[in-house]
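Enquirer: The structure file protein.tsv (TSV, C-alpha atoms) is provided below.
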```
chain	number	residue	atom	x	y	z
A	168	MET	CA	-68.16	-125.80	-40.62
A	169	ALA	CA	-67.96	-128.43	-43.35
A	170	ALA	CA	-66.28	-131.72	-42.49
A	171	MET	CA	-62.64	-131.93	-43.56
A	172	GLN	CA	-62.08	-134.55	-46.22
A	173	ASP	CA	-59.44	-137.27	-45.76
A	174	VAL	CA	-58.00	-137.00	-49.28
A	175	GLN	CA	-55.19	-139.47	-48.58
A	176	LYS	CA	-57.72	-142.26	-48.05
A	177	ARG	CA	-59.39	-141.74	-51.40
A	178	ALA	CA	-59.07	-144.52	-53.93
A	179	ASP	CA	-56.39	-144.44	-56.61
A	180	ALA	CA	-56.98	-146.16	-59.97
A	181	ARG	CA	-53.41	-146.21	-61.34
A	182	GLY	CA	-52.64	-149.64	-59.89
A	183	ILE	CA	-49.18	-148.81	-58.48
A	184	ALA	CA	-48.25	-149.87	-54.95
A	185	ILE	CA	-45.49	-147.64	-53.52
A	186	GLN	CA	-42.69	-149.45	-51.71
A	187	ARG	CA	-41.65	-146.54	-49.46
A	188	VAL	CA	-43.48	-143.30	-48.75
A	189	GLY	CA	-43.13	-141.03	-45.76
A	190	VAL	CA	-40.91	-138.26	-44.39
A	191	ASN	CA	-37.22	-137.52	-44.88
A	192	HIS	CA	-34.72	-135.21	-43.14
A	193	VAL	CA	-36.75	-134.94	-39.96
A	194	GLN	CA	-34.27	-133.64	-37.39
A	195	LEU	CA	-34.83	-134.54	-33.74
A	196	PRO	CA	-32.66	-135.08	-30.67
A	197	PHE	CA	-32.35	-138.70	-29.61
A	198	LEU	CA	-30.70	-140.52	-26.71
A	199	ILE	CA	-28.47	-143.36	-27.98
A	200	LYS	CA	-27.66	-146.17	-25.55
A	201	THR	CA	-23.91	-146.42	-24.82
A	202	LYS	CA	-21.72	-149.40	-24.00
A	203	ASP	CA	-21.30	-148.32	-20.35
A	204	GLY	CA	-25.04	-148.48	-19.72
A	205	GLY	CA	-25.68	-144.77	-20.10
A	206	PHE	CA	-26.77	-142.73	-23.09
A	207	GLN	CA	-25.50	-139.99	-25.37
A	208	GLN	CA	-27.71	-137.25	-26.81
A	209	VAL	CA	-27.37	-136.84	-30.57
A	210	LEU	CA	-29.10	-134.88	-33.31
A	211	ALA	CA	-30.57	-137.42	-35.71
A	212	ASP	CA	-31.47	-136.91	-39.37
A	213	ILE	CA	-34.38	-139.28	-39.92
A	214	ARG	CA	-36.08	-141.00	-42.84
A	215	PHE	CA	-39.31	-142.79	-41.83
A	216	THR	CA	-41.43	-144.62	-44.43
A	217	VAL	CA	-44.11	-147.26	-44.92
A	218	SER	CA	-45.44	-149.20	-47.89
A	219	LEU	CA	-48.60	-147.87	-49.53
A	220	PRO	CA	-51.17	-150.20	-51.16
A	221	LYS	CA	-52.11	-149.44	-54.74
A	222	GLU	CA	-55.69	-148.71	-53.69
A	223	TYR	CA	-54.78	-145.64	-51.58
A	224	LYS	CA	-53.98	-142.18	-52.90
A	225	GLY	CA	-51.59	-141.24	-50.08
A	226	THR	CA	-50.40	-141.78	-46.53
A	227	HIS	CA	-50.74	-139.55	-43.46
A	228	MET	CA	-47.42	-137.70	-43.17
A	229	SER	CA	-48.21	-136.11	-39.79
A	230	ARG	CA	-48.45	-139.51	-38.12
A	231	PHE	CA	-44.77	-140.24	-38.70
A	232	VAL	CA	-43.75	-137.21	-36.64
A	233	GLU	CA	-46.38	-138.05	-34.00
A	234	ILE	CA	-44.82	-141.50	-33.62
A	235	LEU	CA	-41.27	-140.13	-33.43
A	236	MET	CA	-41.82	-137.43	-30.83
A	237	PRO	CA	-42.30	-139.55	-27.66
A	238	TRP	CA	-39.35	-141.78	-28.55
A	239	SER	CA	-36.99	-138.81	-28.88
A	240	LYS	CA	-36.97	-138.55	-25.08
A	241	LYS	CA	-36.05	-142.19	-24.31
A	242	PRO	CA	-32.69	-144.02	-24.65
A	243	LEU	CA	-32.77	-145.73	-28.03
A	244	ALA	CA	-31.51	-149.12	-29.25
A	245	GLU	CA	-32.98	-152.08	-31.15
A	246	PRO	CA	-36.08	-152.71	-28.96
A	247	GLU	CA	-37.16	-149.09	-29.24
A	248	MET	CA	-36.67	-149.11	-33.03
A	249	ASP	CA	-38.84	-152.23	-33.20
A	250	ALA	CA	-41.56	-150.54	-31.15
A	251	MET	CA	-41.56	-147.46	-33.43
A	252	LEU	CA	-41.94	-149.61	-36.53
A	253	SER	CA	-44.72	-151.70	-34.98
A	254	GLU	CA	-46.55	-148.50	-34.12
A	255	ALA	CA	-46.18	-147.26	-37.70
A	256	LEU	CA	-47.57	-150.52	-39.11
A	257	GLY	CA	-50.65	-150.14	-36.94
A	258	LYS	CA	-51.33	-146.40	-37.20
A	259	LEU	CA	-50.67	-146.22	-40.94
A	260	ASP	CA	-52.28	-149.56	-41.85
A	261	ALA	CA	-49.12	-150.63	-43.71
A	262	GLU	CA	-47.60	-154.00	-44.56
A	263	SER	CA	-44.01	-152.83	-44.04
A	264	ALA	CA	-42.19	-149.93	-42.41
A	265	GLU	CA	-38.61	-148.63	-42.40
A	266	ILE	CA	-36.74	-146.05	-40.36
A	267	GLU	CA	-33.18	-144.75	-40.63
A	268	LEU	CA	-31.51	-142.44	-38.13
A	269	ALA	CA	-28.19	-140.86	-39.17
A	270	PHE	CA	-26.26	-139.09	-36.42
A	271	LYS	CA	-22.86	-137.99	-35.17
A	272	TYR	CA	-21.67	-140.11	-32.22
A	273	PHE	CA	-18.79	-138.97	-30.02
A	274	LEU	CA	-16.03	-141.25	-28.78
A	275	GLU	CA	-13.59	-140.32	-26.04
A	276	LYS	CA	-10.04	-140.57	-27.36
A	277	LYS	CA	-6.93	-140.40	-25.16
A	278	ALA	CA	-3.63	-139.34	-26.74
A	279	PRO	CA	-1.21	-142.31	-26.81
A	280	VAL	CA	1.66	-140.69	-24.82
A	281	SER	CA	0.41	-137.58	-23.02
A	282	GLY	CA	-2.97	-139.12	-22.22
A	283	GLY	CA	-4.85	-135.94	-23.11
A	284	SER	CA	-8.57	-136.62	-23.47
A	285	SER	CA	-10.73	-135.31	-26.32
A	286	LEU	CA	-13.88	-136.20	-28.23
A	287	GLN	CA	-13.98	-137.52	-31.79
A	288	GLY	CA	-17.24	-137.45	-33.71
A	289	ILE	CA	-17.99	-140.31	-36.11
A	290	ASP	CA	-20.91	-140.77	-38.52
A	291	CYS	CA	-23.30	-143.55	-37.52
A	292	SER	CA	-26.71	-144.85	-38.52
A	293	PHE	CA	-29.45	-147.12	-37.19
A	294	THR	CA	-31.73	-148.69	-39.82
A	295	GLY	CA	-34.75	-150.82	-38.97
A	296	ARG	CA	-37.06	-152.65	-41.38
A	297	LYS	CA	-40.16	-154.54	-40.34
A	298	ALA	CA	-42.93	-156.37	-42.22
A	299	ARG	CA	-46.24	-157.13	-40.58
A	300	GLY	CA	-45.98	-160.35	-38.54
A	301	MET	CA	-42.19	-160.56	-38.99
A	302	ALA	CA	-39.18	-159.74	-36.82
A	303	MET	CA	-37.38	-156.46	-37.37
A	304	THR	CA	-34.16	-156.39	-39.40
A	305	PHE	CA	-31.68	-154.01	-37.76
A	306	THR	CA	-28.57	-152.59	-39.46
A	307	LEU	CA	-25.83	-150.60	-37.71
A	308	GLY	CA	-23.64	-148.28	-39.77
A	309	VAL	CA	-20.33	-146.78	-38.61
A	310	ALA	CA	-17.74	-144.69	-40.50
A	311	MET	CA	-14.32	-144.56	-38.79
A	312	PRO	CA	-11.33	-142.42	-39.88
A	313	PHE	CA	-7.68	-143.32	-39.34
A	314	THR	CA	-4.24	-142.93	-40.94
A	315	SER	CA	-2.84	-145.13	-43.72
A	316	LEU	CA	0.76	-145.10	-44.94
A	317	CYS	CA	1.71	-146.28	-48.43
A	318	PRO	CA	3.93	-149.42	-48.48
A	319	CYS	CA	5.20	-148.63	-51.99
A	320	SER	CA	6.21	-145.09	-51.04
A	321	LYS	CA	8.08	-146.40	-48.00
A	322	GLU	CA	9.85	-149.06	-50.09
A	323	ILE	CA	11.11	-146.80	-52.89
A	324	SER	CA	11.94	-143.63	-50.93
A	325	ASP	CA	15.31	-142.94	-49.34
A	326	TYR	CA	13.47	-141.33	-46.42
A	327	GLY	CA	9.85	-140.79	-45.47
A	328	ALA	CA	6.64	-142.15	-46.98
A	329	HIS	CA	3.41	-140.47	-47.96
A	330	ASN	CA	0.38	-141.03	-45.76
A	331	GLN	CA	-3.23	-139.93	-45.79
A	332	ARG	CA	-6.42	-139.90	-43.81
A	333	SER	CA	-8.52	-142.95	-44.58
A	334	LEU	CA	-12.12	-143.88	-43.89
A	335	SER	CA	-13.75	-147.27	-43.43
A	336	LYS	CA	-17.53	-147.36	-43.67
A	337	VAL	CA	-19.31	-150.53	-42.60
A	338	ARG	CA	-22.90	-151.67	-42.22
A	339	VAL	CA	-23.56	-154.81	-40.19
A	340	ARG	CA	-26.53	-157.07	-39.45
A	341	PHE	CA	-26.58	-159.84	-36.86
A	342	ALA	CA	-28.55	-163.08	-36.90
A	343	PRO	CA	-32.02	-163.09	-35.25
A	344	GLY	CA	-31.72	-163.39	-31.50
A	345	ARG	CA	-28.10	-162.19	-31.46
A	346	GLU	CA	-27.24	-158.82	-29.97
A	347	CYS	CA	-25.70	-156.24	-32.26
A	348	ILE	CA	-22.21	-154.94	-31.53
A	349	TYR	CA	-21.85	-151.61	-29.71
A	350	ILE	CA	-20.81	-148.55	-31.72
A	351	GLU	CA	-17.68	-148.21	-29.57
A	352	ASP	CA	-16.53	-151.77	-30.32
A	353	LEU	CA	-17.23	-151.61	-34.05
A	354	ALA	CA	-15.40	-148.28	-34.34
A	355	SER	CA	-12.39	-149.75	-32.52
A	356	LEU	CA	-12.39	-152.80	-34.81
A	357	LEU	CA	-12.30	-150.58	-37.90
A	358	GLU	CA	-9.62	-148.27	-36.50
A	359	ARG	CA	-7.24	-151.13	-35.64
A	360	GLN	CA	-7.02	-152.17	-39.31
A	361	GLY	CA	-5.40	-148.89	-40.40
A	362	SER	CA	-1.75	-147.87	-40.11
A	363	SER	CA	-2.43	-145.68	-37.07
A	364	PRO	CA	-5.37	-144.09	-35.24
A	365	ILE	CA	-6.05	-140.36	-35.48
A	366	TYR	CA	-6.73	-138.12	-32.50
A	367	PRO	CA	-8.40	-134.71	-32.06
A	368	LEU	CA	-5.78	-133.69	-29.47
A	369	LEU	CA	-2.04	-134.43	-29.80
A	370	LYS	CA	1.04	-133.03	-28.06
A	371	ARG	CA	4.55	-133.30	-29.58
A	372	PRO	CA	5.34	-136.71	-27.99
A	373	ASP	CA	1.99	-137.98	-29.33
A	374	GLU	CA	2.76	-136.73	-32.85
A	375	LYS	CA	6.08	-138.56	-32.80
A	376	TYR	CA	4.35	-141.73	-31.61
A	377	VAL	CA	1.57	-141.81	-34.22
A	378	THR	CA	3.93	-140.82	-37.05
A	379	GLU	CA	6.30	-143.66	-36.25
A	380	ALA	CA	3.44	-146.10	-35.60
A	381	ALA	CA	2.08	-145.48	-39.10
A	382	TYR	CA	5.57	-145.79	-40.63
A	383	ASP	CA	5.99	-149.19	-38.96
A	384	ASN	CA	2.59	-150.39	-40.18
A	385	PRO	CA	2.22	-149.46	-43.89
A	386	LYS	CA	-0.97	-150.57	-45.66
A	387	PHE	CA	-2.58	-150.22	-49.07
A	388	VAL	CA	-6.34	-149.72	-49.21
A	389	GLU	CA	-6.53	-153.39	-50.27
A	390	ASP	CA	-4.67	-154.40	-47.08
A	391	ILE	CA	-7.03	-152.39	-44.92
A	392	LEU	CA	-10.09	-153.90	-46.55
A	393	ARG	CA	-8.84	-157.49	-46.33
A	394	ASP	CA	-7.76	-157.12	-42.70
A	395	THR	CA	-11.15	-155.61	-41.84
A	396	VAL	CA	-13.00	-158.45	-43.58
A	397	LEU	CA	-11.04	-160.99	-41.52
A	398	ALA	CA	-11.80	-159.10	-38.31
A	399	LEU	CA	-15.53	-158.85	-39.12
A	400	ARG	CA	-15.78	-162.56	-39.87
A	401	LYS	CA	-14.71	-163.25	-36.28
A	402	LEU	CA	-17.72	-161.41	-34.80
A	403	ASP	CA	-20.04	-163.88	-33.12
A	404	GLY	CA	-23.48	-163.93	-34.72
A	405	LEU	CA	-22.71	-161.59	-37.63
A	406	ALA	CA	-25.07	-162.36	-40.52
A	407	TRP	CA	-24.14	-159.77	-43.16
A	408	PHE	CA	-21.84	-156.83	-43.72
A	409	SER	CA	-21.04	-154.24	-46.37
A	410	LEU	CA	-17.64	-152.52	-46.23
A	411	VAL	CA	-16.11	-149.56	-48.07
A	412	CYS	CA	-12.52	-148.39	-47.53
A	413	GLU	CA	-11.22	-145.16	-49.04
A	414	ASN	CA	-7.82	-143.43	-48.80
A	415	GLN	CA	-7.92	-139.67	-49.36
A	416	GLU	CA	-4.65	-139.64	-51.26
A	417	SER	CA	-2.07	-136.99	-50.35
A	418	ILE	CA	0.05	-137.14	-53.56
A	419	HIS	CA	-2.65	-138.02	-56.12
A	420	SER	CA	-5.64	-136.04	-57.32
A	421	HIS	CA	-7.88	-139.09	-56.79
A	422	ASN	CA	-8.75	-141.37	-53.88
A	423	ALA	CA	-7.94	-145.07	-53.54
A	424	TYR	CA	-11.08	-147.18	-53.07
A	425	ALA	CA	-12.04	-150.76	-52.21
A	426	SER	CA	-15.36	-152.36	-51.21
A	427	HIS	CA	-16.67	-155.78	-50.24
A	428	GLU	CA	-19.96	-157.36	-49.13
A	429	GLU	CA	-20.64	-160.76	-47.55
A	430	THR	CA	-23.57	-162.79	-46.30
A	431	LEU	CA	-22.35	-165.11	-43.53
A	432	ARG	CA	-25.53	-166.84	-42.45
```
Can you turn what I pasted into structure tokens?

Expert:
Amino acid sequence: MAAMQDVQKRADARGIAIQRVGVNHVQLPFLIKTKDGGFQQVLADIRFTVSLPKEYKGTHMSRFVEILMPWSKKPLAEPEMDAMLSEALGKLDAESAEIELAFKYFLEKKAPVSGGSSLQGIDCSFTGRKARGMAMTFTLGVAMPFTSLCPCSKEISDYGAHNQRSLSKVRVRFAPGRECIYIEDLASLLERQGSSPIYPLLKRPDEKYVTEAAYDNPKFVEDILRDTVLALRKLDGLAWFSLVCENQESIHSHNAYASHEETLR
């Protein structure tokens, strides 16, 4: 049998280094470390890439999946992400590597009056970037829904006020040597800036409670964003954040939108 040629390692004469090349939409189960010291199994949608020097025709796509497989069976947080990226730098002879895991994370929510327990899924992401010889940069992303109630509607109406489901999406990075915030704590921070939380399970007394709570705490999308910025600035060790707030309007055909980004250190 003739020897199989390693076409990827052949030289390329076009002189273009590729910043990111690899695999996207790899779906694997992962164990995400939880605040209570345990873990939660999630289904992750993964993008895993490395840089490619201009001299090489291609990279070895199979090696990305080979690296991922063993880690899919171990509880995952920042140290494990760092180890995956270091392995990619070595096995793929790259100068930089990047991995992003997007997944649905479930929070236990208890109804405010009846105490009924249920699970609420929120969209989260872990992103790690690492250059050879440098520390990894880790970014946590969380998207948290809640209720907002319009201050203007409350002010001008004889009774009632329109409200809507809102969503705050944040990405945070902490300074080197500082631990990142837990998903549970970041989700709670975002939720507290709305007019009222939302719950998967509500009985009649709970519906009355959350309806009146929102009515007593009206907020524009601008209010939600500004209050969230102030809350994020108080996080010890936070280096950077990007925030998007969006109200899915109930009486308009469009959404209300606000965004903000800051580098703190």

Enquirer: Find the residues around range 352-354 of chain A up to 12 Å (all atoms listed in the file counted), leave out those fewer than 2 positions away in its own chain, and share them as JSON, numbers by chain.

Expert: {"A": [201, 202, 203, 272, 273, 274, 275, 276, 287, 288, 289, 290, 291, 307, 308, 309, 310, 311, 312, 313, 334, 335, 336, 337, 338, 339, 347, 348, 349, 350, 356, 357, 358, 359, 360, 361, 364, 395, 398, 399, 402, 405, 408]}

Enquirer: Which is closest to Gly189 in chain A among A:Leu210, A:Leu259, A:Ala423, A:Met248, if we use all atoms listed in the file?

Expert: A:Leu259

Enquirer: What's the 7 Å shell around range 412-420 of chain A, counting only C-alpha atoms, without same-chain residues fewer than 6 positions away, as a VMD selection string?

Expert: chain A and resid 329 to 336 388 392 426

Enquirer: Pick from A:Met301, A:Ala255, A:Ile391, A:Leu410: nearest to Cys317 in chain A, with only C-alpha atoms counted?

Expert: A:Ile391

Enquirer: State, in Å with one decimal place, the distance from CA of Pro343 in chain A to CA of Pro220 in chain A.

Expert: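 Computing the Euclidean distance for CA of Pro343 in chain A and CA of Pro220 in chain A yields 28.0 Å.
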
Enquirer: Using CA of Val188 in chain A and CA of Glu245 in chain A as the two end points, give the distance in Å to one decimal.

Expert: 22.3 Å

Enquirer: Between A:Arg432, A:Arg214, A:Lys321, A:Arg400, which one has atoms that come closest to Val193 in chain A, using all atoms listed in the file?

Expert: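 Looking at the shortest contact to Val193 in chain A, the residue is A:Arg214.
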
Enquirer: Can you work out which one of A:Met303, A:Val396, A:Ala328, A:Leu431 has the shortest atom-to-atom distance to Asn384 in chain A, counting all atoms listed in the file?

Expert: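 For Asn384 in chain A, the nearest of the given residues is A:Ala328.
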
Enquirer: A:Gly404, A:Gly300, A:Gly205, A:Gly344: which is nearest Leu243 in chain A, counting only C-alpha atoms?

Expert: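 For Leu243 in chain A, the nearest of the given residues is A:Gly205.
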